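Colleague: Here you go, one structure.
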Amino acid sequence: MKWAEVSILTTHEATDVVAEIYHDIGAQGVVIEDPELLNHYIDSGMWDFSDIQRADNTEIVTVKAYLPMDEDLDDRLRDFEQRIKAFRAIEGDGITKGSCEISWKSVQDEDWSDNWKKYFHPEKVGGMIVIKPTWEDYTASPDDIVIELDPGAAFGTGTHPTTAMCIRELEKLVRGGMRVFDVGTGSGVLAIAAAKLGASDVTAMDYDRTAVNVAAENIRENHVEDSVKTGISDILKSFAGKADLVVANIIADIIIRLFEELDEHLAEGGKLLASGIITERVADVTKACIANGFVVDKVIEEKGWAAMVISRGEDK
């Protein structure tokens, strides 16, 4: 199948908004090429980037999405361009937008689903959890918890700061026998991490059927299918019952919408671990949190991104 690879040059601050615009026109996920993050990995020595040079300009971020090359493509591209123009025209929002130069090219499935694999290597993202590509070898230490991962078309390797922050917090929050909901599961990495950390009942759902299929395969690869079940859900709508911990590594605007459904799905004493939030949107998420009767317990920030630990207020 042929796809249109749509790229836009923007900034760290605008990435969240651009991702939302992609979502609005029907993209099922985004790829973020962040030169600042790339330099970090090169400098740390965690990966072997033998053929890649450090980026000189770390302010320009490329955000890509893939749209099917069908009869709706022209309308979607025009819609995307118009929405970006409207976004650039907004003044006083405090977001540096960059050039917002848009380009696209046609690619086959195999062009973008496999070529990136040469850049994805085992990495210890938490105190215990190691993300290991299924096609790589890794010798685990006695205290390592290894997650075998093939992100497929779900675009989540588990090493982006938003996911890494979640994993480090999961190591602190998950207790044996806990029930966990993973909202917008993507590759399933957070659901798998929760299960391997001791959660006995994990539900991992996503709006995108492709992501759900990828997550299900990764869950089987990690032998946690007895404790993790998957499904399709728009935010929390298809989740049943209440969880001790709700994890949502998505984007700020979706997290804000999530608060409207959180009360009926969060158990007494439970926590929400929310990530995928650019630091400039922490205030917006906090405002929605308080307005719905919840309390921000903790904010963690890394490389322009934030994760938040949230609990019920006294009146809940």
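Letters A, B, ... mark the chains of the structure tokens in the order given; residue numbers begin at 1 per chain; ligand numbers begin at 1, in order shown.
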Tell me which protein, DNA and RNA residues are within 8 Å of Ala243 (chain A), counting only C-alpha atoms, leaving out same-chain ones fewer than 5 positions away, and put them as a VMD selection string.

Modeller: chain A and resid 178 to 181 265 to 267 270

Colleague: With N, CA, C and O atoms retained, export the selected residues as a PDB file, in the first residue's frame.

Modeller:
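Saved result, out_29.pdb, follows:
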ATOM      1  N   MET A 178      -2.273  -4.690  41.515  1.00  0.00           N
ATOM      2  CA  MET A 178      -2.954  -3.458  41.136  1.00  0.00           C
ATOM      3  C   MET A 178      -3.711  -3.625  39.811  1.00  0.00           C
ATOM      4  O   MET A 178      -3.321  -4.396  38.938  1.00  0.00           O
ATOM      5  N   ARG A 179      -4.795  -2.863  39.667  1.00  0.00           N
ATOM      6  CA  ARG A 179      -5.523  -2.789  38.403  1.00  0.00           C
ATOM      7  C   ARG A 179      -5.129  -1.499  37.695  1.00  0.00           C
ATOM      8  O   ARG A 179      -5.191  -0.413  38.286  1.00  0.00           O
ATOM      9  N   VAL A 180      -4.742  -1.599  36.398  1.00  0.00           N
ATOM     10  CA  VAL A 180      -4.222  -0.457  35.643  1.00  0.00           C
ATOM     11  C   VAL A 180      -4.964  -0.323  34.323  1.00  0.00           C
ATOM     12  O   VAL A 180      -5.218  -1.320  33.636  1.00  0.00           O
ATOM     13  N   PHE A 181      -5.322   0.914  33.961  1.00  0.00           N
ATOM     14  CA  PHE A 181      -5.860   1.227  32.641  1.00  0.00           C
ATOM     15  C   PHE A 181      -4.808   2.035  31.881  1.00  0.00           C
ATOM     16  O   PHE A 181      -4.298   3.037  32.392  1.00  0.00           O
ATOM     17  N   HIS A 265     -13.962   6.063  36.499  1.00  0.00           N
ATOM     18  CA  HIS A 265     -13.008   5.002  36.179  1.00  0.00           C
ATOM     19  C   HIS A 265     -11.787   4.982  37.095  1.00  0.00           C
ATOM     20  O   HIS A 265     -10.895   4.154  36.885  1.00  0.00           O
ATOM     21  N   LEU A 266     -11.734   5.860  38.096  1.00  0.00           N
ATOM     22  CA  LEU A 266     -10.606   5.891  39.018  1.00  0.00           C
ATOM     23  C   LEU A 266     -11.069   5.467  40.403  1.00  0.00           C
ATOM     24  O   LEU A 266     -11.965   6.074  40.992  1.00  0.00           O
ATOM     25  N   ALA A 267     -10.443   4.425  40.942  1.00  0.00           N
ATOM     26  CA  ALA A 267     -10.823   3.889  42.244  1.00  0.00           C
ATOM     27  C   ALA A 267     -10.445   4.855  43.364  1.00  0.00           C
ATOM     28  O   ALA A 267      -9.616   5.752  43.191  1.00  0.00           O
ATOM     29  N   GLY A 270      -6.929   6.134  44.017  1.00  0.00           N
ATOM     30  CA  GLY A 270      -6.199   5.881  42.775  1.00  0.00           C
ATOM     31  C   GLY A 270      -5.471   7.107  42.246  1.00  0.00           C
ATOM     32  O   GLY A 270      -5.652   8.226  42.728  1.00  0.00           O
TER      33      GLY A 270
END

Colleague: At a cut-off of 6 Å, using only C-alpha atoms, what residues contact region 58-67 of chain A? Leave out same-chain residues fewer than 2 positions from it and give the result as a VMD selection string.

Modeller: chain A and resid 3 to 11 27 30 to 36

Colleague: If we count only C-alpha atoms, what is near Val295 (chain A) at a cut-off of 9 Å, once residues fewer than 4 positions away on the same chain are taken out, given as a PyMOL selection string?

Modeller: chain A and resi 286+289-290+309-314

Colleague: Once you have the residues from the selection above, write them out as a PDB file, in the first residue's frame, restricted to C-alpha atoms.

Modeller:
ATOM      1  CA  THR A 286      -3.738  21.780  35.866  1.00  0.00           C
ATOM      2  CA  CYS A 289      -7.667  18.973  36.738  1.00  0.00           C
ATOM      3  CA  ILE A 290      -8.768  21.357  39.503  1.00  0.00           C
ATOM      4  CA  VAL A 309       0.725  12.480  38.815  1.00  0.00           C
ATOM      5  CA  ILE A 310      -2.859  13.347  39.762  1.00  0.00           C
ATOM      6  CA  SER A 311      -5.213  12.123  42.488  1.00  0.00           C
ATOM      7  CA  ARG A 312      -8.745  12.758  43.708  1.00  0.00           C
ATOM      8  CA  GLY A 313      -9.481  15.919  45.660  1.00  0.00           C
ATOM      9  CA  GLU A 314     -10.893  15.796  49.178  1.00  0.00           C
TER      10      GLU A 314
END

Colleague: Run DSSP on the backbone and grab whatever in region 10-111 of chain A lands in helix (DSSP H, G or I); send it over as JSON, numbers by chain.

Modeller: {"A": [15, 16, 17, 18, 19, 20, 21, 22, 23, 24, 35, 36, 37, 38, 39, 40, 41, 42, 43, 44, 73, 74, 75, 76, 77, 78, 79, 80, 81, 82, 83, 84, 85, 86, 87, 88, 89, 109, 110, 111]}

Colleague: What would the file look like if the residues just selected were written as a CSV table (one decimal), in the first residue's frame with C-alpha atoms?

Modeller:
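Produced file result35.csv, reproduced below:
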chain,number,residue,atom,x,y,z
A,15,THR,CA,4.9,19.8,18.5
A,16,ASP,CA,1.9,19.1,20.6
A,17,VAL,CA,-0.4,21.3,18.6
A,18,VAL,CA,0.9,20.0,15.3
A,19,ALA,CA,0.3,16.4,16.5
A,20,GLU,CA,-3.3,17.3,17.3
A,21,ILE,CA,-3.8,18.8,13.9
A,22,TYR,CA,-2.5,15.7,12.3
A,23,HIS,CA,-4.9,13.7,14.4
A,24,ASP,CA,-7.8,15.9,13.4
A,35,PRO,CA,17.6,16.7,16.9
A,36,GLU,CA,18.1,17.7,20.5
A,37,LEU,CA,17.1,14.2,21.6
A,38,LEU,CA,19.3,12.7,19.0
A,39,ASN,CA,22.3,14.7,20.2
A,40,HIS,CA,21.5,13.5,23.7
A,41,TYR,CA,21.7,9.9,22.7
A,42,ILE,CA,24.9,10.4,20.7
A,43,ASP,CA,26.6,12.3,23.6
A,44,SER,CA,25.5,9.7,26.2
A,73,LEU,CA,-5.7,12.6,0.3
A,74,ASP,CA,-6.0,16.0,-1.5
A,75,ASP,CA,-8.8,17.2,0.8
A,76,ARG,CA,-6.8,16.1,3.9
A,77,LEU,CA,-3.6,17.9,2.7
A,78,ARG,CA,-5.5,21.1,2.0
A,79,ASP,CA,-7.2,20.9,5.4
A,80,PHE,CA,-3.8,20.4,7.0
A,81,GLU,CA,-2.3,23.4,5.3
A,82,GLN,CA,-5.2,25.6,6.2
A,83,ARG,CA,-5.1,24.5,9.8
A,84,ILE,CA,-1.4,25.2,10.0
A,85,LYS,CA,-1.9,28.6,8.5
A,86,ALA,CA,-4.5,29.4,11.1
A,87,PHE,CA,-2.2,28.2,13.9
A,88,ARG,CA,0.6,30.4,12.6
A,89,ALA,CA,-1.7,33.4,12.5
A,109,ASP,CA,4.7,0.3,3.7
A,110,GLU,CA,8.2,-1.2,3.9
A,111,ASP,CA,9.9,2.2,3.3

Colleague: Could you give me, as a VMD selection string, each residue of region 78-309 of chain A that DSSP assigns to strand (DSSP E) when run on this structure's backbone?

Modeller: chain A and resid 102 to 108 123 to 124 129 to 133 145 to 149 179 to 183 201 to 206 228 to 232 243 to 249 266 to 278 294 to 302 305 to 309

Colleague: Might you pull out every residue within 10 Å of Ile255 (chain A), with only C-alpha atoms counted and same-chain residues fewer than 2 positions away left off, and present them as a PyMOL selection string?

Modeller: chain A and resi 183+235+248-253+257-260+262+274-277+285+288-289

Colleague: Hey, what's within 6 Å of Thr185 (chain A) if we count only C-alpha atoms and toss same-chain stuff fewer than 4 positions away? As a ChimeraX atom specification, please?

Modeller: /A:204-206

Colleague: Please compute the CA of Glu123 (chain A)-CA of Ile147 (chain A) distance, one decimal, in Å.

Modeller: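 Pair CA of Glu123 (chain A) / CA of Ile147 (chain A) returns 10.1 Å.
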
Colleague: Suppose you want the space between CA of Leu190 (chain A) and CA of Ala14 (chain A); what is it in Å?

Modeller: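 For CA of Leu190 (chain A) relative to CA of Ala14 (chain A), the distance reads 25.0 Å.
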
Colleague: If I take CA of Met128 (chain A) and CA of Val189 (chain A), how far is one from the other in Å, to one decimal?

Modeller: 14.2 Å

Colleague: Between A:Val146, A:Leu245, A:Ala140, A:Ala215, which residue has the minimum interatomic distance to Ile232 (chain A), considering only C-alpha atoms?

Modeller: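 The shortest atom-to-atom distance to Ile232 (chain A) comes from A:Ala215.
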
Colleague: I need the residue nearest Val125 (chain A) from this list: A:Gly92, A:Pro161, A:Gly98, A:Gly177. Use only C-alpha atoms for the distance.

Modeller: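 Among the listed residues, A:Pro161 lies closest to Val125 (chain A).
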
Colleague: Using only C-alpha atoms, which of the listed residues (A:Leu197, A:Ile300, A:Ile90, A:Ala240) sits closest to Cys166 (chain A)?

Modeller: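 Under the stated criterion, the closest residue is A:Ile300.
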
Colleague: Just checking: using only C-alpha atoms, which residue out of A:Asp201, A:Asp226, A:Glu217, A:Asp297 ends up closest to Gly241 (chain A)?

Modeller: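 Comparing A:Asp201, A:Asp226, A:Glu217, A:Asp297 against Gly241 (chain A), the winner is A:Asp201.
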